[in-house]
file coords26.cif (mmCIF, C-alpha atoms and all ligand atoms)
data_entry
#
loop_
_atom_site.label_atom_id
_atom_site.label_comp_id
_atom_site.auth_asym_id
_atom_site.auth_seq_id
_atom_site.Cartn_x
_atom_site.Cartn_y
_atom_site.Cartn_z
CA MET A 19 87.29 -9.75 -12.08
CA GLU A 20 84.23 -8.54 -13.95
CA ALA A 21 81.08 -8.08 -11.81
CA LYS A 22 78.24 -10.38 -12.76
CA ILE A 23 75.17 -8.48 -13.91
CA GLU A 24 71.86 -10.10 -12.96
CA PHE A 25 69.63 -10.02 -16.00
CA ASP A 26 66.27 -11.70 -16.32
CA LEU A 27 65.96 -12.16 -20.07
CA GLU A 28 62.38 -13.48 -19.93
CA SER A 29 61.19 -10.57 -17.85
CA GLU A 30 62.99 -8.08 -20.12
CA ARG A 31 61.42 -9.65 -23.22
CA SER A 32 57.91 -9.63 -21.84
CA ARG A 33 58.28 -6.05 -20.62
CA ALA A 34 59.38 -4.91 -24.06
CA SER A 35 56.45 -6.66 -25.77
CA ALA A 36 53.71 -5.75 -23.26
CA HIS A 37 51.32 -2.95 -24.16
CA LEU A 38 48.49 -1.10 -22.44
CA MET A 39 45.84 1.20 -23.80
CA ILE A 40 46.91 4.62 -22.54
CA ASN A 41 44.59 7.59 -22.66
CA GLU A 42 47.00 10.25 -21.42
CA ILE A 43 50.21 10.84 -19.48
CA TYR A 44 50.66 14.28 -17.93
CA PRO A 45 52.02 16.10 -14.91
CA ALA A 46 49.46 17.57 -12.49
CA VAL A 47 48.64 18.07 -8.83
CA CYS A 48 46.49 15.37 -7.21
CA GLY A 49 43.01 16.79 -6.83
CA GLU A 50 41.25 14.38 -4.48
CA GLY A 51 41.68 11.93 -1.65
CA ARG A 52 44.41 11.81 0.96
CA GLU A 53 47.03 12.67 -1.69
CA ILE A 54 45.36 15.99 -2.50
CA GLY A 55 47.91 18.69 -3.33
CA LEU A 56 50.78 16.32 -4.21
CA PRO A 57 52.37 16.82 -7.63
CA ALA A 58 52.44 13.60 -9.66
CA THR A 59 52.69 12.26 -13.17
CA PHE A 60 49.30 10.86 -14.12
CA VAL A 61 49.20 7.70 -16.21
CA ARG A 62 45.61 7.21 -17.32
CA THR A 63 44.67 3.89 -18.88
CA SER A 64 41.66 3.54 -21.14
CA GLY A 65 38.78 1.10 -20.72
CA CYS A 66 36.48 0.53 -17.75
CA ASN A 67 34.33 -2.37 -16.55
CA MET A 68 31.77 0.08 -15.14
CA ARG A 69 29.60 2.79 -16.69
CA CYS A 70 28.26 4.63 -13.62
CA PRO A 71 25.01 5.48 -15.44
CA GLY A 72 23.65 7.33 -12.41
CA TRP A 73 26.36 9.98 -12.70
CA PRO A 74 27.91 11.62 -15.64
CA CYS A 75 31.25 9.70 -15.68
CA ASP A 76 33.98 12.31 -15.28
CA THR A 77 36.26 10.52 -17.78
CA PRO A 78 33.90 9.18 -20.49
CA TYR A 79 36.90 9.06 -22.84
CA THR A 80 38.11 6.08 -20.77
CA SER A 81 34.79 4.31 -20.24
CA VAL A 82 31.78 4.81 -22.51
CA ARG A 83 33.89 6.10 -25.42
CA PRO A 84 37.36 4.77 -24.65
CA GLU A 85 40.09 6.63 -26.48
CA GLY A 86 43.81 6.06 -26.50
CA ALA A 87 46.69 4.23 -28.09
CA ARG A 88 48.34 0.94 -27.30
CA ILE A 89 51.69 1.91 -25.85
CA SER A 90 54.46 -0.37 -24.67
CA VAL A 91 55.39 -0.54 -21.01
CA GLU A 92 58.87 0.69 -21.94
CA ALA A 93 57.48 3.72 -23.77
CA VAL A 94 55.27 4.63 -20.79
CA ILE A 95 58.28 4.47 -18.46
CA ARG A 96 60.29 6.63 -20.85
CA ARG A 97 57.52 9.25 -21.03
CA VAL A 98 57.21 9.38 -17.22
CA GLU A 99 60.98 9.74 -17.01
CA GLU A 100 60.89 12.68 -19.45
CA ILE A 101 58.30 14.44 -17.28
CA GLY A 102 60.62 13.97 -14.33
CA CYS A 103 58.29 13.74 -11.29
CA PRO A 104 59.24 10.72 -9.14
CA ARG A 105 55.63 10.08 -8.08
CA VAL A 106 53.27 8.28 -10.48
CA PHE A 107 49.51 8.24 -10.13
CA VAL A 108 48.03 5.34 -12.10
CA THR A 109 44.34 5.77 -12.83
CA GLY A 110 41.70 5.14 -15.50
CA GLY A 111 39.15 4.03 -16.55
CA GLU A 112 40.00 0.92 -14.61
CA PRO A 113 43.77 0.30 -14.74
CA LEU A 114 43.51 -3.25 -13.35
CA LEU A 115 41.83 -4.36 -16.58
CA TRP A 116 45.45 -4.23 -17.89
CA ARG A 117 46.61 -6.49 -15.12
CA LYS A 118 49.55 -8.27 -16.77
CA PRO A 119 51.22 -5.29 -18.45
CA LEU A 120 50.35 -3.12 -15.46
CA ARG A 121 52.35 -5.42 -13.24
CA LEU A 122 55.36 -5.01 -15.53
CA LEU A 123 54.81 -1.27 -15.55
CA ALA A 124 54.69 -1.14 -11.75
CA GLU A 125 57.86 -3.25 -11.58
CA GLY A 126 59.51 -0.77 -13.96
CA PHE A 127 58.40 2.18 -11.81
CA ARG A 128 59.70 0.44 -8.70
CA ALA A 129 63.04 -0.25 -10.34
CA LYS A 130 63.31 3.52 -10.83
CA ARG A 131 62.36 4.00 -7.15
CA TRP A 132 59.36 6.13 -8.05
CA GLU A 133 56.42 6.37 -5.68
CA ILE A 134 53.33 4.61 -7.06
CA LEU A 135 49.76 5.58 -6.22
CA LEU A 136 47.04 3.41 -7.71
CA GLN A 137 43.38 4.33 -8.14
CA SER A 138 40.84 1.57 -8.85
CA ASN A 139 37.07 1.16 -8.78
CA GLY A 140 36.95 -1.60 -6.17
CA THR A 141 36.02 -4.55 -8.35
CA ILE A 142 39.36 -6.34 -8.89
CA TYR A 143 41.77 -7.66 -6.29
CA ALA A 144 45.27 -7.73 -7.78
CA GLU A 145 47.58 -8.64 -4.93
CA GLU A 146 50.71 -8.78 -7.11
CA ILE A 147 50.17 -5.17 -8.23
CA PHE A 148 49.04 -3.79 -4.88
CA ALA A 149 52.24 -5.15 -3.32
CA LEU A 150 54.27 -2.95 -5.69
CA CYS A 151 52.36 0.25 -4.84
CA ASP A 152 52.90 2.83 -2.12
CA GLN A 153 49.21 3.63 -1.89
CA VAL A 154 46.11 1.78 -3.06
CA SER A 155 42.99 3.89 -3.33
CA LEU A 156 39.61 2.32 -4.11
CA ASP A 157 36.32 3.92 -4.96
CA CYS A 158 33.40 2.33 -3.17
CA LYS A 159 30.56 3.11 -5.56
CA THR A 160 27.55 4.65 -3.84
CA PRO A 161 23.90 3.90 -4.82
CA SER A 162 23.51 7.04 -6.95
CA SER A 163 26.19 5.75 -9.36
CA LEU A 164 23.98 2.72 -10.17
CA GLU A 165 27.15 0.61 -10.00
CA ARG A 166 28.47 -1.54 -7.21
CA SER A 167 32.00 -2.15 -5.96
CA ASP A 168 32.90 -5.53 -4.46
CA LEU A 169 32.90 -5.40 -0.67
CA ASP A 170 35.23 -8.43 -0.49
CA VAL A 171 37.80 -6.56 -2.60
CA ILE A 172 37.46 -3.50 -0.37
CA ARG A 173 37.72 -5.57 2.80
CA ARG A 174 40.96 -7.22 1.62
CA VAL A 175 42.48 -3.94 0.50
CA VAL A 176 41.64 -2.29 3.83
CA ARG A 177 43.26 -5.20 5.66
CA GLU A 178 46.29 -5.87 3.48
CA ALA A 179 47.19 -3.23 0.89
CA PRO A 180 49.81 -0.52 1.45
CA GLN A 181 48.31 2.78 2.67
CA PRO A 182 44.75 1.86 1.76
CA GLN A 183 42.13 4.47 1.02
CA VAL A 184 38.41 4.09 0.34
CA LYS A 185 36.57 6.98 -1.30
CA PHE A 186 32.83 7.49 -1.41
CA VAL A 187 31.33 10.03 -3.80
CA ILE A 188 28.24 11.43 -2.09
CA ARG A 189 25.30 12.93 -3.90
CA ASP A 190 22.55 12.67 -1.29
CA GLU A 191 21.40 11.28 2.04
CA THR A 192 21.05 7.75 0.62
CA ASP A 193 24.69 7.76 -0.50
CA TYR A 194 25.74 9.06 2.89
CA ARG A 195 23.91 6.30 4.75
CA PHE A 196 25.41 3.71 2.40
CA ALA A 197 28.93 4.99 3.16
CA GLU A 198 28.21 4.92 6.87
CA GLU A 199 26.77 1.39 6.74
CA THR A 200 29.75 0.18 4.69
CA TYR A 201 32.18 1.58 7.22
CA LEU A 202 30.26 0.03 10.14
CA ARG A 203 30.16 -3.32 8.40
CA LEU A 204 33.94 -3.24 7.82
CA ASN A 205 34.34 -2.22 11.43
CA GLU A 206 32.35 -5.24 12.50
CA ASP A 207 34.35 -7.57 10.24
CA LEU A 208 37.86 -6.22 10.82
CA GLY A 209 37.73 -4.21 14.03
CA ALA A 210 38.29 -0.51 14.67
CA VAL A 211 42.06 -0.83 15.13
CA ALA A 212 42.53 -2.52 11.74
CA LEU A 213 40.47 0.22 10.10
CA ARG A 214 42.80 2.94 11.37
CA ARG A 215 45.32 2.06 8.67
CA CYS A 216 42.82 3.12 6.02
CA ALA A 217 41.60 6.61 5.07
CA PHE A 218 37.82 6.75 4.52
CA VAL A 219 37.12 9.79 2.39
CA LEU A 220 33.82 11.43 1.47
CA GLN A 221 33.75 13.80 -1.46
CA PRO A 222 30.78 15.63 -2.93
CA MET A 223 29.62 14.53 -6.34
CA ASP A 224 30.18 17.08 -9.05
CA ALA A 225 27.79 17.38 -11.94
CA VAL A 226 30.10 17.40 -14.94
CA GLY A 227 29.45 20.38 -17.15
CA SER A 228 26.89 22.07 -14.93
CA ASP A 229 28.67 22.74 -11.64
CA ASP A 230 30.24 25.96 -10.51
CA ALA A 231 32.50 26.48 -7.51
CA THR A 232 29.65 27.84 -5.37
CA SER A 233 27.41 24.79 -5.79
CA LEU A 234 30.38 22.51 -5.10
CA LEU A 235 31.26 24.41 -1.93
CA ASN A 236 27.63 24.27 -0.77
CA ARG A 237 27.63 20.50 -1.20
CA LEU A 238 30.94 20.26 0.62
CA ARG A 239 29.53 22.25 3.51
CA TRP A 240 26.46 20.00 3.67
CA LEU A 241 28.75 16.96 3.78
CA GLN A 242 30.92 18.39 6.52
CA GLU A 243 27.92 19.39 8.64
CA THR A 244 26.34 15.95 8.15
CA VAL A 245 29.52 14.24 9.40
CA GLN A 246 29.39 16.37 12.52
CA GLU A 247 25.65 15.99 13.10
CA ARG A 248 25.78 12.22 12.69
CA GLU A 249 29.03 11.94 14.63
CA SER A 250 30.67 9.95 11.86
CA TRP A 251 34.12 10.56 13.31
CA PHE A 252 35.76 8.01 11.01
CA PHE A 253 35.23 9.99 7.77
CA ARG A 254 37.43 12.60 6.20
CA VAL A 255 35.61 15.18 4.07
CA LEU A 256 37.55 16.47 1.07
CA PRO A 257 36.74 18.48 -2.05
CA GLN A 258 37.96 17.75 -5.55
CA LEU A 259 40.58 20.44 -5.87
CA HIS A 260 40.91 20.25 -9.65
CA VAL A 261 37.13 20.61 -10.09
CA LEU A 262 37.06 23.69 -7.85
CA LEU A 263 39.95 25.26 -9.74
CA TYR A 264 39.18 24.31 -13.32
CA GLY A 265 35.67 22.81 -13.50
CA ALA A 266 34.89 19.15 -14.04
CA GLU A 267 35.30 19.05 -17.79
CA ARG A 268 38.87 20.24 -18.12
CA ARG A 269 41.36 17.48 -18.92
CA GLY A 270 45.01 17.19 -17.95
CA VAL A 271 44.71 19.03 -14.60
S1 LIG A 301 34.33 3.69 -12.62
FE1 LIG A 301 35.15 5.76 -13.02
S2 LIG A 301 35.84 5.67 -15.17
FE2 LIG A 301 34.52 3.89 -14.85
S3 LIG A 301 32.48 4.61 -15.54
FE3 LIG A 301 32.61 4.95 -13.30
S4 LIG A 301 33.31 7.08 -13.06
FE4 LIG A 301 33.73 6.45 -15.20
#

call {"tool": "encode", "arguments": {"input": "coords26.cif", "output": "structure tokens", "more": "lines below"}}
Ligand code: SF4
result
Amino acid sequence: MEAKIEFDLESERSRASAHLMINEIYPAVCGEGREIGLPATFVRTSGCNMRCPGWPCDTPYTSVRPEGARISVEAVIRRVEEIGCPRVFVTGGEPLLWRKPLRLLAEGFRAKRWEILLQSNGTIYAEEIFALCDQVSLDCKTPSSLERSDLDVIRRVVREAPQPQVKFVIRDETDYRFAEETYLRLNEDLGAVALRRCAFVLQPMDAVGSDDATSLLNRLRWLQETVQERESWFFRVLPQLHVLLYGAERRGV
């Protein structure tokens, strides 16, 4: 007797017709956060709901001057398959602006049994997508960015998302105190045990185009010493590996 093949025609149709604005797809080694050092295929969407005017945005080609092409979910999956790395890092811009097609894309990645890491700016809670990911990493924008992430979104991700991570980019003392206060507030709301499932990462801000490795390392050392002086035992201090190796302006690394 012939085996019955389960086939969801509606889902297949919508997957084939769904498109996202893709800026680039490339293989690289993760350069920041808990996943630092892991090889992955980067899928970078274009378009962002923030501008971060206080910093030079490190990917202006996805925010202030969004570039890219509308590519079907199927074509993105094919391209990732050609590259061959079974770990996909979805980033932007802000990938959750493409919520519907992104869900189909994540379902496609899951069907291939690839690991999915998602990076978002902490303004959109997309439960249906988070549930498909292996790791959800949010930026919590610090005061020097002149943008603001949504603390409710961060709170829910810390509590519910798979392998949550919250990253703070630190330029100065004010940013540091903000990160500390945010952690303490989450601690008050959710409790210290609940917070253990989340990585809280501090990374020094890089000045795109004007930083060299020495100034980055100096800032990293300041950050590390501040964590020790202030006894902020809950933070993890990490550099941006790709910036140290290639500078902040190089793309595709
Ligand atoms: S959230 Fe990220 S991509 Fe968007 S403007 Fe800020 S730094 Fe750029």

call {"tool": "residues_around", "arguments": {"input": "coords26.cif", "residues": "range 61-68 of chain A", "least_positions_apart": "3", "cutoff": "9 Å", "atoms": "only C-alpha atoms", "output": "ChimeraX atom specification"}}
result
/A:38-45,71,79-87,94,98,106-113,115-116,139,141,165-166

call {"tool": "closest_residue", "arguments": {"input": "coords26.cif", "among": "A:Ala46, A:Leu169, A:Val211, A:Ala129", "to": "Glu199 in chain A", "atoms": "only C-alpha atoms"}}
result
A:Leu169

call {"tool": "atom_distance", "arguments": {"input": "coords26.cif", "atom1": "CA of Glu146 in chain A", "atom2": "CA of Arg97 in chain A"}}
result
23.8 Å

call {"tool": "closest_residue", "arguments": {"input": "coords26.cif", "among": "A:Ile172, A:Leu136, A:Leu123, A:Ala58", "to": "Gly102 in chain A", "atoms": "all atoms listed in the file"}}
result
A:Ala58

call {"tool": "closest_residue", "arguments": {"input": "coords26.cif", "among": "A:Leu241, A:Ala212, A:Leu135, A:Leu256", "to": "Lys185 in chain A", "atoms": "all atoms listed in the file"}}
result
A:Leu256

call {"tool": "residues_around", "arguments": {"input": "coords26.cif", "residues": "Phe252 in chain A", "least_positions_apart": "3", "cutoff": "10 Å", "atoms": "all atoms listed in the file", "output": "list of chain:residue names"}}
result
A:Glu198, A:Tyr201, A:Leu202, A:Ala210, A:Leu213, A:Arg214, A:Cys216, A:Ala217, A:Phe218, A:Val219, A:Val245, A:Glu249, A:Val255

call {"tool": "residues_around", "arguments": {"input": "coords26.cif", "residues": "Cys151 in chain A", "least_positions_apart": "2", "cutoff": "9 Å", "atoms": "all atoms listed in the file", "output": "number ranges by chain"}}
result
A: 124, 128, 133-136, 147-149, 153-154, 179-181

call {"tool": "atom_distance", "arguments": {"input": "coords26.cif", "atom1": "CA of Trp73 in chain A", "atom2": "CA of Ser163 in chain A"}}
result
5.4 Å

call {"tool": "atom_distance", "arguments": {"input": "coords26.cif", "atom1": "CA of Ala197 in chain A", "atom2": "CA of Pro161 in chain A"}}
result
9.5 Å

call {"tool": "closest_residue", "arguments": {"input": "coords26.cif", "among": "A:Leu114, A:Leu234, A:Leu56, A:Ala93", "to": "ligand LIG 301 (chain A)", "atoms": "all atoms listed in the file"}}
result
A:Leu114

call {"tool": "closest_residue", "arguments": {"input": "coords26.cif", "among": "A:Pro104, A:Pro182, A:Pro78, A:Pro119", "to": "ligand LIG 301 (chain A)", "atoms": "only C-alpha atoms and all ligand atoms"}}
result
A:Pro78

call {"tool": "axis_aligned_box", "arguments": {"input": "coords26.cif", "around": "ligand LIG 301 (chain A)", "padding_each_side": "3 Å", "output": "AutoDock Vina command-line options"}}
result
--center_x 34.2 --center_y 5.4 --center_z -14.1 --size_x 9.4 --size_y 9.4 --size_z 8.9

call {"tool": "closest_residue", "arguments": {"input": "coords26.cif", "among": "A:Arg195, A:Arg69, A:Arg117, A:Lys130", "to": "ligand LIG 301 (chain A)", "atoms": "all atoms listed in the file"}}
result
A:Arg69

call {"tool": "decode", "arguments": {"input": "coords26.cif", "residues": "range 239-268 of chain A", "atoms": "N, CA, C and O atoms", "output": "PDB file, in the first residue's frame"}}
result
ATOM      1  N   ARG A 239      38.542  46.965  28.204  1.00  0.00           N
ATOM      2  CA  ARG A 239      39.179  46.860  29.523  1.00  0.00           C
ATOM      3  C   ARG A 239      38.440  47.722  30.542  1.00  0.00           C
ATOM      4  O   ARG A 239      38.175  47.294  31.665  1.00  0.00           O
ATOM      5  N   TRP A 240      38.043  48.937  30.132  1.00  0.00           N
ATOM      6  CA  TRP A 240      37.276  49.802  31.037  1.00  0.00           C
ATOM      7  C   TRP A 240      35.985  49.089  31.465  1.00  0.00           C
ATOM      8  O   TRP A 240      35.613  49.088  32.646  1.00  0.00           O
ATOM      9  N   LEU A 241      35.326  48.454  30.508  1.00  0.00           N
ATOM     10  CA  LEU A 241      34.058  47.781  30.791  1.00  0.00           C
ATOM     11  C   LEU A 241      34.274  46.637  31.782  1.00  0.00           C
ATOM     12  O   LEU A 241      33.527  46.485  32.753  1.00  0.00           O
ATOM     13  N   GLN A 242      35.296  45.867  31.523  1.00  0.00           N
ATOM     14  CA  GLN A 242      35.576  44.722  32.396  1.00  0.00           C
ATOM     15  C   GLN A 242      35.907  45.193  33.810  1.00  0.00           C
ATOM     16  O   GLN A 242      35.422  44.635  34.793  1.00  0.00           O
ATOM     17  N   GLU A 243      36.721  46.253  33.917  1.00  0.00           N
ATOM     18  CA  GLU A 243      37.100  46.733  35.249  1.00  0.00           C
ATOM     19  C   GLU A 243      35.895  47.339  35.972  1.00  0.00           C
ATOM     20  O   GLU A 243      35.758  47.204  37.180  1.00  0.00           O
ATOM     21  N   THR A 244      35.003  47.974  35.199  1.00  0.00           N
ATOM     22  CA  THR A 244      33.801  48.567  35.819  1.00  0.00           C
ATOM     23  C   THR A 244      32.906  47.472  36.395  1.00  0.00           C
ATOM     24  O   THR A 244      32.345  47.610  37.487  1.00  0.00           O
ATOM     25  N   VAL A 245      32.751  46.369  35.640  1.00  0.00           N
ATOM     26  CA  VAL A 245      31.942  45.248  36.141  1.00  0.00           C
ATOM     27  C   VAL A 245      32.505  44.745  37.476  1.00  0.00           C
ATOM     28  O   VAL A 245      31.754  44.490  38.419  1.00  0.00           O
ATOM     29  N   GLN A 246      33.819  44.658  37.543  1.00  0.00           N
ATOM     30  CA  GLN A 246      34.424  44.158  38.780  1.00  0.00           C
ATOM     31  C   GLN A 246      34.287  45.163  39.915  1.00  0.00           C
ATOM     32  O   GLN A 246      33.914  44.812  41.025  1.00  0.00           O
ATOM     33  N   GLU A 247      34.569  46.438  39.600  1.00  0.00           N
ATOM     34  CA  GLU A 247      34.481  47.473  40.644  1.00  0.00           C
ATOM     35  C   GLU A 247      33.070  47.575  41.205  1.00  0.00           C
ATOM     36  O   GLU A 247      32.856  47.719  42.395  1.00  0.00           O
ATOM     37  N   ARG A 248      32.082  47.512  40.328  1.00  0.00           N
ATOM     38  CA  ARG A 248      30.696  47.700  40.760  1.00  0.00           C
ATOM     39  C   ARG A 248      30.029  46.390  41.182  1.00  0.00           C
ATOM     40  O   ARG A 248      28.861  46.366  41.509  1.00  0.00           O
ATOM     41  N   GLU A 249      30.813  45.317  41.099  1.00  0.00           N
ATOM     42  CA  GLU A 249      30.327  43.996  41.503  1.00  0.00           C
ATOM     43  C   GLU A 249      29.041  43.628  40.780  1.00  0.00           C
ATOM     44  O   GLU A 249      28.088  43.137  41.357  1.00  0.00           O
ATOM     45  N   SER A 250      29.036  43.887  39.479  1.00  0.00           N
ATOM     46  CA  SER A 250      27.870  43.538  38.650  1.00  0.00           C
ATOM     47  C   SER A 250      28.079  42.109  38.157  1.00  0.00           C
ATOM     48  O   SER A 250      28.382  41.884  36.984  1.00  0.00           O
ATOM     49  N   TRP A 251      27.920  41.150  39.038  1.00  0.00           N
ATOM     50  CA  TRP A 251      28.298  39.768  38.744  1.00  0.00           C
ATOM     51  C   TRP A 251      27.432  39.136  37.662  1.00  0.00           C
ATOM     52  O   TRP A 251      27.763  38.088  37.119  1.00  0.00           O
ATOM     53  N   PHE A 252      26.325  39.758  37.361  1.00  0.00           N
ATOM     54  CA  PHE A 252      25.353  39.179  36.416  1.00  0.00           C
ATOM     55  C   PHE A 252      25.698  39.475  34.959  1.00  0.00           C
ATOM     56  O   PHE A 252      25.083  38.934  34.055  1.00  0.00           O
ATOM     57  N   PHE A 253      26.669  40.341  34.691  1.00  0.00           N
ATOM     58  CA  PHE A 253      26.989  40.700  33.302  1.00  0.00           C
ATOM     59  C   PHE A 253      28.119  39.842  32.745  1.00  0.00           C
ATOM     60  O   PHE A 253      28.999  39.391  33.478  1.00  0.00           O
ATOM     61  N   ARG A 254      28.069  39.691  31.437  1.00  0.00           N
ATOM     62  CA  ARG A 254      29.161  39.048  30.715  1.00  0.00           C
ATOM     63  C   ARG A 254      29.739  40.096  29.766  1.00  0.00           C
ATOM     64  O   ARG A 254      28.989  40.712  28.997  1.00  0.00           O
ATOM     65  N   VAL A 255      31.026  40.328  29.824  1.00  0.00           N
ATOM     66  CA  VAL A 255      31.653  41.358  28.982  1.00  0.00           C
ATOM     67  C   VAL A 255      32.272  40.687  27.753  1.00  0.00           C
ATOM     68  O   VAL A 255      33.077  39.771  27.890  1.00  0.00           O
ATOM     69  N   LEU A 256      31.874  41.146  26.584  1.00  0.00           N
ATOM     70  CA  LEU A 256      32.387  40.528  25.356  1.00  0.00           C
ATOM     71  C   LEU A 256      32.739  41.591  24.319  1.00  0.00           C
ATOM     72  O   LEU A 256      32.064  42.614  24.220  1.00  0.00           O
ATOM     73  N   PRO A 257      33.760  41.327  23.529  1.00  0.00           N
ATOM     74  CA  PRO A 257      34.092  42.262  22.438  1.00  0.00           C
ATOM     75  C   PRO A 257      33.247  41.941  21.207  1.00  0.00           C
ATOM     76  O   PRO A 257      32.490  40.970  21.197  1.00  0.00           O
ATOM     77  N   GLN A 258      33.384  42.742  20.188  1.00  0.00           N
ATOM     78  CA  GLN A 258      32.847  42.385  18.879  1.00  0.00           C
ATOM     79  C   GLN A 258      34.027  41.864  18.072  1.00  0.00           C
ATOM     80  O   GLN A 258      34.857  42.646  17.592  1.00  0.00           O
ATOM     81  N   LEU A 259      34.063  40.562  17.929  1.00  0.00           N
ATOM     82  CA  LEU A 259      35.210  39.905  17.306  1.00  0.00           C
ATOM     83  C   LEU A 259      35.452  40.403  15.879  1.00  0.00           C
ATOM     84  O   LEU A 259      36.585  40.703  15.487  1.00  0.00           O
ATOM     85  N   HIS A 260      34.386  40.527  15.113  1.00  0.00           N
ATOM     86  CA  HIS A 260      34.545  40.923  13.704  1.00  0.00           C
ATOM     87  C   HIS A 260      35.094  42.346  13.598  1.00  0.00           C
ATOM     88  O   HIS A 260      35.844  42.657  12.668  1.00  0.00           O
ATOM     89  N   VAL A 261      34.729  43.214  14.577  1.00  0.00           N
ATOM     90  CA  VAL A 261      35.235  44.594  14.534  1.00  0.00           C
ATOM     91  C   VAL A 261      36.730  44.612  14.867  1.00  0.00           C
ATOM     92  O   VAL A 261      37.521  45.323  14.242  1.00  0.00           O
ATOM     93  N   LEU A 262      37.114  43.791  15.848  1.00  0.00           N
ATOM     94  CA  LEU A 262      38.537  43.711  16.195  1.00  0.00           C
ATOM     95  C   LEU A 262      39.358  43.202  15.014  1.00  0.00           C
ATOM     96  O   LEU A 262      40.461  43.682  14.746  1.00  0.00           O
ATOM     97  N   LEU A 263      38.812  42.223  14.306  1.00  0.00           N
ATOM     98  CA  LEU A 263      39.588  41.591  13.238  1.00  0.00           C
ATOM     99  C   LEU A 263      39.588  42.393  11.944  1.00  0.00           C
ATOM    100  O   LEU A 263      40.588  42.434  11.228  1.00  0.00           O
ATOM    101  N   TYR A 264      38.440  43.008  11.637  1.00  0.00           N
ATOM    102  CA  TYR A 264      38.311  43.607  10.302  1.00  0.00           C
ATOM    103  C   TYR A 264      37.957  45.092  10.307  1.00  0.00           C
ATOM    104  O   TYR A 264      37.887  45.704   9.255  1.00  0.00           O
ATOM    105  N   GLY A 265      37.643  45.656  11.501  1.00  0.00           N
ATOM    106  CA  GLY A 265      37.158  47.035  11.536  1.00  0.00           C
ATOM    107  C   GLY A 265      35.644  47.033  11.348  1.00  0.00           C
ATOM    108  O   GLY A 265      35.067  46.081  10.813  1.00  0.00           O
ATOM    109  N   ALA A 266      35.020  48.130  11.782  1.00  0.00           N
ATOM    110  CA  ALA A 266      33.550  48.146  11.830  1.00  0.00           C
ATOM    111  C   ALA A 266      32.881  48.322  10.464  1.00  0.00           C
ATOM    112  O   ALA A 266      31.700  48.076  10.329  1.00  0.00           O
ATOM    113  N   GLU A 267      33.642  48.757   9.484  1.00  0.00           N
ATOM    114  CA  GLU A 267      32.977  49.080   8.216  1.00  0.00           C
ATOM    115  C   GLU A 267      32.915  47.926   7.221  1.00  0.00           C
ATOM    116  O   GLU A 267      32.185  47.979   6.250  1.00  0.00           O
ATOM    117  N   ARG A 268      33.705  46.899   7.476  1.00  0.00           N
ATOM    118  CA  ARG A 268      33.760  45.793   6.524  1.00  0.00           C
ATOM    119  C   ARG A 268      32.471  44.978   6.566  1.00  0.00           C
ATOM    120  O   ARG A 268      31.982  44.617   7.628  1.00  0.00           O
TER     121      ARG A 268
END
